[in-house]
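**Q** So here's upload_39.txt (compact mmCIF, C-alpha atoms).
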# COMPACT_ATOMS: atom_id res chain seq x y z
CA MET A 204 5.43 -153.40 4.10
CA TYR A 205 6.28 -154.51 7.60
CA ILE A 206 8.01 -157.65 6.28
CA LEU A 207 10.16 -155.63 3.85
CA ARG A 208 11.16 -153.24 6.60
CA LEU A 209 12.10 -156.18 8.86
CA ILE A 210 14.19 -157.72 6.06
CA HIS A 211 16.00 -154.39 5.57
CA ILE A 212 16.74 -154.14 9.29
CA LEU A 213 18.07 -157.70 9.47
CA LEU A 214 20.21 -157.13 6.39
CA LEU A 215 21.68 -153.95 7.88
CA MET A 216 22.43 -155.76 11.15
CA PHE A 217 24.13 -158.58 9.21
CA LEU A 218 26.28 -156.13 7.23
CA LEU A 219 27.14 -154.19 10.39
CA GLY A 220 28.25 -157.42 12.08
CA ILE A 221 30.56 -158.20 9.16
CA LEU A 222 32.06 -154.70 9.26
CA LEU A 223 32.66 -154.89 13.01
CA SER A 224 34.29 -158.30 12.66
CA VAL A 225 36.61 -157.13 9.91
CA SER A 226 37.54 -153.91 11.71
CA SER A 227 38.29 -155.70 14.98
CA ASN A 228 40.55 -158.19 13.22
CA LEU A 229 42.61 -155.33 11.87
CA PHE A 230 43.83 -154.64 15.42
CA ILE A 231 44.74 -158.22 16.33
CA VAL A 232 48.52 -158.67 16.54
CA LYS A 233 49.60 -162.26 16.35
CA THR A 234 52.57 -163.14 18.57
CA LEU A 235 54.74 -165.98 17.35
CA THR A 236 57.04 -168.24 19.36
CA ILE A 237 60.34 -168.96 17.63
CA ARG A 238 62.61 -171.74 18.87
CA VAL A 239 66.38 -171.89 18.53
CA PRO A 240 67.85 -174.11 17.16
CA GLU A 241 64.69 -175.89 15.93
CA ASP A 242 63.38 -173.04 13.77
CA TYR A 243 66.69 -171.25 13.18
CA ASN A 244 70.20 -172.48 13.88
CA ASN A 245 71.37 -169.30 15.57
CA ILE A 246 69.86 -166.46 17.56
CA GLN A 247 70.67 -163.70 15.06
CA ASP A 248 68.77 -165.50 12.29
CA ALA A 249 65.80 -165.87 14.63
CA ILE A 250 65.88 -162.13 15.36
CA ASN A 251 66.13 -161.25 11.67
CA HIS A 252 63.02 -163.31 10.85
CA ALA A 253 61.00 -162.28 13.92
CA SER A 254 58.39 -159.54 14.18
CA ALA A 255 58.02 -157.08 17.03
CA GLY A 256 56.43 -158.74 20.06
CA ASP A 257 57.53 -162.28 19.19
CA ILE A 258 59.02 -164.64 21.76
CA ILE A 259 62.33 -166.40 21.09
CA ILE A 260 62.97 -169.50 23.17
CA ILE A 261 66.60 -170.65 23.29
CA LYS A 262 67.45 -174.27 23.98
CA PRO A 263 70.70 -175.32 25.73
CA GLY A 264 73.81 -174.81 23.64
CA VAL A 265 76.65 -172.42 22.89
CA TYR A 266 75.76 -169.50 20.61
CA ASN A 267 77.43 -166.44 19.13
CA GLY A 268 76.62 -162.94 20.28
CA PHE A 269 73.76 -161.04 18.68
CA ILE A 270 72.23 -157.60 18.09
CA ILE A 271 68.60 -156.90 18.99
CA SER A 272 66.84 -154.26 16.90
CA LYS A 273 63.22 -155.29 17.52
CA ASN A 274 60.91 -155.37 20.53
CA LEU A 275 61.29 -159.06 21.44
CA VAL A 276 61.22 -161.43 24.42
CA PHE A 277 64.16 -163.84 24.83
CA LEU A 278 63.78 -166.85 27.12
CA GLY A 279 66.69 -169.20 27.66
CA GLU A 280 65.85 -172.58 29.15
CA ASN A 281 68.60 -172.32 31.78
CA ASN A 282 71.26 -169.71 32.55
CA GLN A 283 73.84 -172.45 33.10
CA THR A 284 73.33 -174.22 29.80
CA VAL A 285 72.30 -171.45 27.37
CA ILE A 286 75.69 -169.80 26.80
CA ILE A 287 76.36 -166.77 24.61
CA ARG A 288 80.03 -166.36 23.70
CA GLY A 289 80.39 -162.76 22.57
CA LYS A 290 78.64 -159.44 23.08
CA VAL A 291 74.90 -158.85 23.17
CA GLU A 292 73.64 -155.44 22.05
CA ILE A 293 70.12 -154.06 22.54
CA ASN A 294 69.34 -151.18 20.18
CA THR A 295 65.60 -150.76 20.69
CA ASN A 296 63.01 -150.26 23.44
CA ASN A 297 60.99 -152.78 25.47
CA VAL A 298 63.23 -155.85 25.20
CA LYS A 299 63.08 -158.65 27.76
CA LEU A 300 66.03 -161.00 28.22
CA ALA A 301 65.92 -163.94 30.63
CA SER A 302 67.82 -167.06 31.71
CA ILE A 303 70.99 -166.94 29.62
CA LYS A 304 74.72 -166.70 30.37
CA ILE A 305 76.87 -164.17 28.49
CA LEU A 306 80.61 -164.90 28.46
CA LEU A 307 82.96 -162.30 26.99
CA ASN A 308 86.69 -162.87 26.60
CA ASP A 309 89.41 -160.78 24.99
CA THR A 310 89.15 -162.59 21.65
CA SER A 311 85.56 -161.43 21.08
CA GLY A 312 86.40 -158.06 19.54
CA SER A 313 84.27 -156.22 22.11
CA SER A 314 85.02 -154.80 25.54
CA VAL A 315 81.39 -154.81 26.79
CA ALA A 316 79.39 -157.99 27.39
CA LEU A 317 75.92 -156.37 27.30
CA ARG A 318 75.30 -152.94 25.75
CA ILE A 319 71.83 -151.43 26.21
CA ILE A 320 70.85 -148.54 23.92
CA GLY A 321 67.09 -148.78 24.43
CA ASN A 322 64.56 -147.80 27.08
CA ASN A 323 62.60 -150.14 29.36
CA THR A 324 64.87 -153.17 29.07
CA VAL A 325 64.19 -155.99 31.56
CA ILE A 326 67.02 -158.40 32.44
CA THR A 327 66.00 -161.40 34.57
CA ASN A 328 68.05 -164.36 35.80
CA VAL A 329 70.99 -163.54 33.53
CA ILE A 330 74.66 -164.31 34.27
CA ILE A 331 77.32 -162.05 32.77
CA GLU A 332 81.06 -162.74 33.02
CA SER A 333 83.35 -160.28 31.22
CA TYR A 334 87.09 -159.88 30.92
CA LYS A 335 86.57 -156.09 30.82
CA TYR A 336 83.15 -154.35 31.19
CA GLY A 337 79.90 -155.99 32.23
CA VAL A 338 76.88 -153.85 31.27
CA GLN A 339 76.84 -150.49 29.52
CA ILE A 340 73.51 -148.62 29.72
CA GLY A 341 73.38 -145.63 27.39
CA ASN A 342 76.18 -143.42 26.12
CA ILE A 343 76.96 -139.77 25.46
CA ASP A 344 74.44 -139.71 22.59
CA HIS A 345 71.70 -141.78 24.24
CA LYS A 346 70.56 -141.34 27.84
CA ILE A 347 68.63 -144.51 28.60
CA SER A 348 65.86 -144.93 31.17
CA GLY A 349 63.75 -147.66 32.71
CA THR A 350 66.30 -150.50 32.89
CA VAL A 351 65.38 -153.31 35.30
CA ILE A 352 67.89 -155.95 36.41
CA GLU A 353 66.66 -158.68 38.74
CA TYR A 354 67.89 -162.04 40.02
CA SER A 355 71.05 -161.69 37.91
CA ARG A 356 74.81 -161.89 38.44
CA ILE A 357 77.30 -159.57 36.73
CA SER A 358 81.05 -160.02 37.11
CA ALA A 359 83.65 -157.92 35.29
CA GLU A 360 87.32 -157.04 35.47
CA ARG A 361 86.52 -153.32 35.25
CA ALA A 362 83.15 -151.56 35.73
CA GLY A 363 80.27 -153.94 36.39
CA ILE A 364 77.49 -151.51 35.34
CA TYR A 365 78.19 -148.07 33.87
CA GLY A 366 76.86 -145.61 31.32
CA VAL A 367 74.57 -142.61 30.91
CA CYS A 368 71.21 -143.60 32.29
CA ASP A 369 68.25 -142.59 34.42
CA ASP A 370 66.03 -144.81 36.52
CA LEU A 371 68.19 -147.93 36.89
CA ASN A 372 66.32 -150.48 39.05
CA MET A 373 68.18 -153.51 40.38
CA PHE A 374 66.83 -156.11 42.78
CA TYR A 375 68.13 -159.39 44.26
CA SER A 376 71.23 -159.37 42.07
CA GLU A 377 75.02 -159.45 42.38
CA VAL A 378 77.43 -157.02 40.70
CA SER A 379 81.18 -157.21 41.11
CA SER A 380 84.22 -155.49 39.65
CA ARG A 381 87.68 -156.84 40.24
CA SER A 382 89.48 -153.49 39.82
CA GLU A 383 87.05 -150.53 39.46
CA GLN A 384 83.56 -149.40 40.48
CA ALA A 385 80.84 -152.00 40.55
CA ILE A 386 78.12 -149.46 39.63
CA VAL A 387 78.91 -145.99 38.25
CA GLY A 388 77.46 -143.27 36.03
CA CYS A 389 73.70 -143.74 36.40
CA ASN A 390 71.13 -141.41 37.93
CA MET A 391 67.99 -142.11 39.99
CA LEU A 392 69.17 -145.50 41.17
CA ASP A 393 66.82 -147.90 42.91
CA LEU A 394 69.07 -150.61 44.36
CA GLU A 395 67.49 -153.04 46.81
CA PHE A 396 68.49 -156.44 48.21
CA ASN A 397 71.69 -156.75 46.15
CA ILE A 398 75.31 -157.75 46.76
CA ILE A 399 77.63 -155.10 45.28
CA ASN A 400 81.40 -155.54 45.32
CA GLY A 401 84.17 -153.43 43.77
CA ASP A 402 87.12 -151.20 44.49
CA THR A 403 84.28 -148.73 44.98
CA GLY A 404 80.91 -150.40 45.37
CA ILE A 405 78.62 -147.57 44.15
CA SER A 406 79.66 -144.19 42.75
CA THR A 407 77.26 -141.35 41.90
CA SER A 408 78.06 -138.08 40.11
CA LEU A 409 77.53 -134.40 40.82
CA TRP A 410 74.42 -134.48 38.59
CA SER A 411 72.91 -137.54 40.21
CA HIS A 412 69.77 -137.20 42.32
CA GLU A 413 66.97 -139.11 44.02
CA SER A 414 68.64 -142.50 44.38
CA LEU A 415 67.38 -145.14 46.80
CA ILE A 416 70.05 -147.53 48.09
CA LYS A 417 68.38 -149.90 50.51
CA ASN A 418 68.89 -153.33 52.09
CA ASN A 419 72.08 -154.12 50.16
CA ARG A 420 75.41 -155.73 51.07
CA ILE A 421 78.02 -153.30 49.69
CA ILE A 422 81.73 -154.13 49.72
CA GLY A 423 84.29 -151.57 48.58
CA ARG A 424 87.95 -152.39 48.90
CA SER A 425 88.60 -148.65 48.84
CA THR A 426 85.15 -147.06 49.37
CA GLY A 427 81.76 -148.62 49.90
CA ILE A 428 79.69 -145.73 48.49
CA TYR A 429 80.96 -142.51 46.91
CA LEU A 430 77.89 -140.31 47.09
CA ASP A 431 77.63 -137.06 45.15
CA GLY A 432 74.52 -135.21 43.93
CA THR A 433 71.33 -134.48 45.88
CA HIS A 434 68.29 -136.02 47.58
CA HIS A 435 69.58 -139.58 47.94
CA VAL A 436 68.36 -142.06 50.59
CA VAL A 437 70.76 -144.71 51.95
CA ASN A 438 69.30 -146.99 54.58
CA ASN A 439 69.42 -150.49 56.04
CA ASN A 440 72.59 -151.48 54.18
CA ILE A 441 75.64 -153.38 55.38
CA ILE A 442 78.64 -151.45 54.03
CA ASN A 443 82.28 -152.44 54.13
CA GLY A 444 85.39 -150.54 52.98
CA LYS A 445 88.39 -148.53 54.08
CA ILE A 446 85.88 -145.70 53.87
CA GLY A 447 82.28 -146.76 54.34
CA ILE A 448 80.57 -143.72 52.76
CA ASN A 449 82.40 -140.80 51.14
CA LEU A 450 79.75 -138.10 51.29
CA ARG A 451 80.02 -135.21 48.83
CA GLY A 452 76.39 -134.48 48.00
CA ARG A 453 73.69 -132.43 49.71
CA GLU A 454 70.31 -133.16 51.26
CA ILE A 455 71.11 -136.86 51.63
CA THR A 456 69.47 -139.16 54.18
CA ILE A 457 71.72 -141.84 55.72
CA GLU A 458 70.11 -143.99 58.39
CA ASN A 459 70.09 -147.48 59.92
CA ASN A 460 73.18 -148.69 58.07
CA VAL A 461 75.83 -151.01 59.47
CA ILE A 462 79.25 -149.74 58.38
CA GLU A 463 82.21 -152.07 58.83
CA SER A 464 85.18 -149.84 58.03
CA SER A 465 88.91 -150.25 58.54
CA GLU A 466 89.49 -146.46 58.53
CA THR A 467 86.44 -144.16 58.42
CA GLY A 468 82.76 -144.95 58.59
CA VAL A 469 81.39 -141.76 56.99
CA ILE A 470 83.53 -138.92 55.69
CA ASN A 471 82.04 -135.63 54.56
CA SER A 472 84.30 -134.38 51.80
CA LEU A 473 82.43 -131.06 51.61
CA SER A 474 83.26 -130.08 55.19
Could you render the structure as structure tokens?
**A**
Amino acid sequence: MYILRLIHILLLMFLLGILLSVSSNLFIVKTLTIRVPEDYNNIQDAINHASAGDIIIIKPGVYNGFIISKNLVFLGENNQTVIIRGKVEINTNNVKLASIKILLNDTSGSSVALRIIGNNTVITNVIIESYKYGVQIGNIDHKISGTVIEYSRISAERAGIYGVCDDLNMFYSEVSSRSEQAIVGCNMLDLEFNIINGDTGISTSLWSHESLIKNNRIIGRSTGIYLDGTHHVVNNNIINGKIGINLRGREITIENNVIESSETGVINSLS
């Protein structure tokens, strides 16, 4: 009797172990690494055949623009030798893009080099050079949040970064516009340790609030910072422009900045 009971217990333990093994395997997500051009000749084909969470490694070469509609990680081998000629569009959340160069000219059929219509995008070590607009984050139908830009360089004829977005975080990067604002249209900015250069360096709107602009070099041919909205903090920056800071907002902290202005350091347009 004892032996039969022991056999039953061992059999139940064995079956339970099988069930646990099978159930745990159901939750394992296998991440694949796809290489371009070894596995697919172009980046769009690699995206089309990838699954969410996969990593796409891009070898040196010149490639066409592409549209991202899956949660993927893109790693170029070098941002000087992995060159994308044409627009890149991100239409989903949680995409990471690193170490590529995006070049957009007027024959591409697009006016924006990088368009982001997805939350929590991370851009690292990316170079963008555009004949018109650099980066668009969100639009009138999609307010985008959680964008991170770091160790990157964005150069455009018109706006460098613009759109309808919350929580734009940019660190150790360069943004320049040759004729308009370098950064405009986003809310809750966190800009630290950047070089920002435009006709106006940074421009916030009436509805903007809680931005942190800290430890940057900001050059505005007309205005360094046009600051509207509420509860912003601007400190430890070096700011240059005909007008250093054009202050229109309320409850704004401005401290420990060096303002190199040819006309006015700080002007309060509300007074």
**Q** I'd like the neighbourhood of region 457-466 of chain A as a ChimeraX atom specification, where a residue qualifies if any of its atoms comes within 9 Å (using only C-alpha atoms), though same-chain residues fewer than 4 positions away should be ignored.
**A** /A:418,427,435-448
**Q** Let me know the centre plus edge lengths, in Å and rounded to one decimal, of a box with edges along x, y and z that contains all listed atoms of region 327-332 of chain A and is padded by 5 Å on every side, as JSON.
**A**
{"center_x": 73.5, "center_y": -162.9, "center_z": 34.3, "size_x": 25.1, "size_y": 13.0, "size_z": 13.0}
**Q** Determine the nearest neighbour of Thr456 (chain A) from the options A:Arg238, A:Lys417, A:His252, A:Lys346, counting only C-alpha atoms.
**A**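 Comparing A:Arg238, A:Lys417, A:His252, A:Lys346 against Thr456 (chain A), the winner is A:Lys417.
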**Q** Write out as a compact mmCIF listing (two decimals) with C-alpha atoms, in the coordinates of the input each polymer residue whose atoms come within 9 Å of region 381-385 of chain A, counting all atoms listed in the file; drop sequence neighbours fewer than 3 positions from it.
**A**
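Result file is result01.txt:
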# COMPACT_ATOMS: atom_id res chain seq x y z
CA SER A 358 81.05 -160.02 37.11
CA ALA A 359 83.65 -157.92 35.29
CA GLU A 360 87.32 -157.04 35.47
CA ARG A 361 86.52 -153.32 35.25
CA ALA A 362 83.15 -151.56 35.73
CA GLY A 363 80.27 -153.94 36.39
CA ILE A 364 77.49 -151.51 35.34
CA TYR A 365 78.19 -148.07 33.87
CA VAL A 378 77.43 -157.02 40.70
CA ILE A 399 77.63 -155.10 45.28
CA ASN A 400 81.40 -155.54 45.32
CA GLY A 401 84.17 -153.43 43.77
CA ASP A 402 87.12 -151.20 44.49
CA THR A 403 84.28 -148.73 44.98
CA GLY A 404 80.91 -150.40 45.37
CA ILE A 405 78.62 -147.57 44.15
CA SER A 406 79.66 -144.19 42.75
CA GLY A 423 84.29 -151.57 48.58
**Q** Would you tabulate, counting all atoms listed in the file, all residues of region 344-408 of chain A that have an atom at most 9 Å from an atom of region 302-322 of chain A, showing the closest pair of atoms and their distance in Å to one decimal, sorted by chain then ascending number, as a tab-separated table?
**A**
residue	atom	partner	partner_atom	distance
A:His345	CA	A:Ile320	CA	6.8
A:Lys346	CA	A:Ile320	CA	8.2
A:Ile347	CA	A:Asn322	CA	5.4
A:Ser348	CA	A:Asn322	CA	5.2
A:Gly349	CA	A:Asn322	CA	5.7
A:Thr350	CA	A:Asn322	CA	6.6
A:Ser355	CA	A:Ser302	CA	8.8
A:Ala359	CA	A:Ala316	CA	9.0
**Q** Rounded to one decimal, what separation in Å do you get between CA of Gly366 (chain A) and CA of Val276 (chain A)?
**A** 23.3 Å
**Q** Output region 310-338 of chain A as a compact mmCIF listing (two decimals), keeping the file's coordinate frame, making sure N, CA and C atoms are there.
**A**
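What landed in part_8.txt:
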# COMPACT_ATOMS: atom_id res chain seq x y z
N THR A 310 89.09 -162.26 23.08
CA THR A 310 89.15 -162.59 21.65
C THR A 310 87.84 -162.23 20.93
N SER A 311 86.89 -161.66 21.66
CA SER A 311 85.56 -161.43 21.08
C SER A 311 85.49 -160.20 20.18
N GLY A 312 86.46 -159.30 20.31
CA GLY A 312 86.40 -158.06 19.54
C GLY A 312 85.56 -156.99 20.18
N SER A 313 85.06 -157.21 21.38
CA SER A 313 84.27 -156.22 22.11
C SER A 313 84.77 -156.14 23.54
N SER A 314 84.61 -154.96 24.15
CA SER A 314 85.02 -154.80 25.54
C SER A 314 83.84 -154.82 26.50
N VAL A 315 82.61 -154.86 25.97
CA VAL A 315 81.39 -154.81 26.79
C VAL A 315 80.55 -156.06 26.52
N ALA A 316 80.18 -156.76 27.57
CA ALA A 316 79.39 -157.99 27.39
C ALA A 316 77.96 -157.68 26.95
N LEU A 317 77.30 -156.73 27.62
CA LEU A 317 75.92 -156.37 27.30
C LEU A 317 75.82 -154.86 27.17
N ARG A 318 75.48 -154.39 25.97
CA ARG A 318 75.30 -152.94 25.75
C ARG A 318 73.83 -152.67 25.51
N ILE A 319 73.25 -151.75 26.29
CA ILE A 319 71.83 -151.43 26.21
C ILE A 319 71.67 -150.00 25.71
N ILE A 320 71.14 -149.85 24.49
CA ILE A 320 70.85 -148.54 23.92
C ILE A 320 69.36 -148.53 23.58
N GLY A 321 68.54 -148.75 24.58
CA GLY A 321 67.09 -148.78 24.43
C GLY A 321 66.44 -148.63 25.79
N ASN A 322 65.27 -148.02 25.82
CA ASN A 322 64.56 -147.80 27.08
C ASN A 322 63.76 -149.03 27.49
N ASN A 323 63.51 -149.14 28.79
CA ASN A 323 62.60 -150.14 29.36
C ASN A 323 63.05 -151.57 29.06
N THR A 324 64.33 -151.82 29.20
CA THR A 324 64.87 -153.17 29.07
C THR A 324 64.72 -153.90 30.40
N VAL A 325 64.32 -155.17 30.35
CA VAL A 325 64.19 -155.99 31.56
C VAL A 325 65.14 -157.18 31.43
N ILE A 326 66.04 -157.31 32.39
CA ILE A 326 67.02 -158.40 32.44
C ILE A 326 66.71 -159.25 33.67
N THR A 327 66.39 -160.53 33.47
CA THR A 327 66.00 -161.40 34.57
C THR A 327 66.79 -162.70 34.54
N ASN A 328 67.39 -163.05 35.66
CA ASN A 328 68.05 -164.36 35.80
C ASN A 328 69.14 -164.56 34.74
N VAL A 329 69.92 -163.51 34.52
CA VAL A 329 70.99 -163.54 33.53
C VAL A 329 72.34 -163.50 34.24
N ILE A 330 73.29 -164.31 33.77
CA ILE A 330 74.66 -164.31 34.27
C ILE A 330 75.54 -163.66 33.22
N ILE A 331 76.38 -162.71 33.67
CA ILE A 331 77.32 -162.05 32.77
C ILE A 331 78.72 -162.15 33.38
N GLU A 332 79.67 -162.66 32.59
CA GLU A 332 81.06 -162.74 33.02
C GLU A 332 81.90 -162.12 31.92
N SER A 333 82.62 -161.02 32.24
CA SER A 333 83.35 -160.28 31.22
C SER A 333 84.80 -160.05 31.63
N TYR A 334 85.68 -160.15 30.66
CA TYR A 334 87.09 -159.88 30.92
C TYR A 334 87.34 -158.39 31.11
N LYS A 335 86.37 -157.53 30.70
CA LYS A 335 86.57 -156.09 30.82
C LYS A 335 85.35 -155.41 31.44
N TYR A 336 84.33 -155.04 30.67
CA TYR A 336 83.15 -154.35 31.19
C TYR A 336 81.93 -155.27 31.15
N GLY A 337 81.08 -155.14 32.17
CA GLY A 337 79.90 -155.99 32.23
C GLY A 337 78.74 -155.47 31.42
N VAL A 338 78.08 -154.40 31.91
CA VAL A 338 76.88 -153.85 31.27
C VAL A 338 77.06 -152.35 31.06
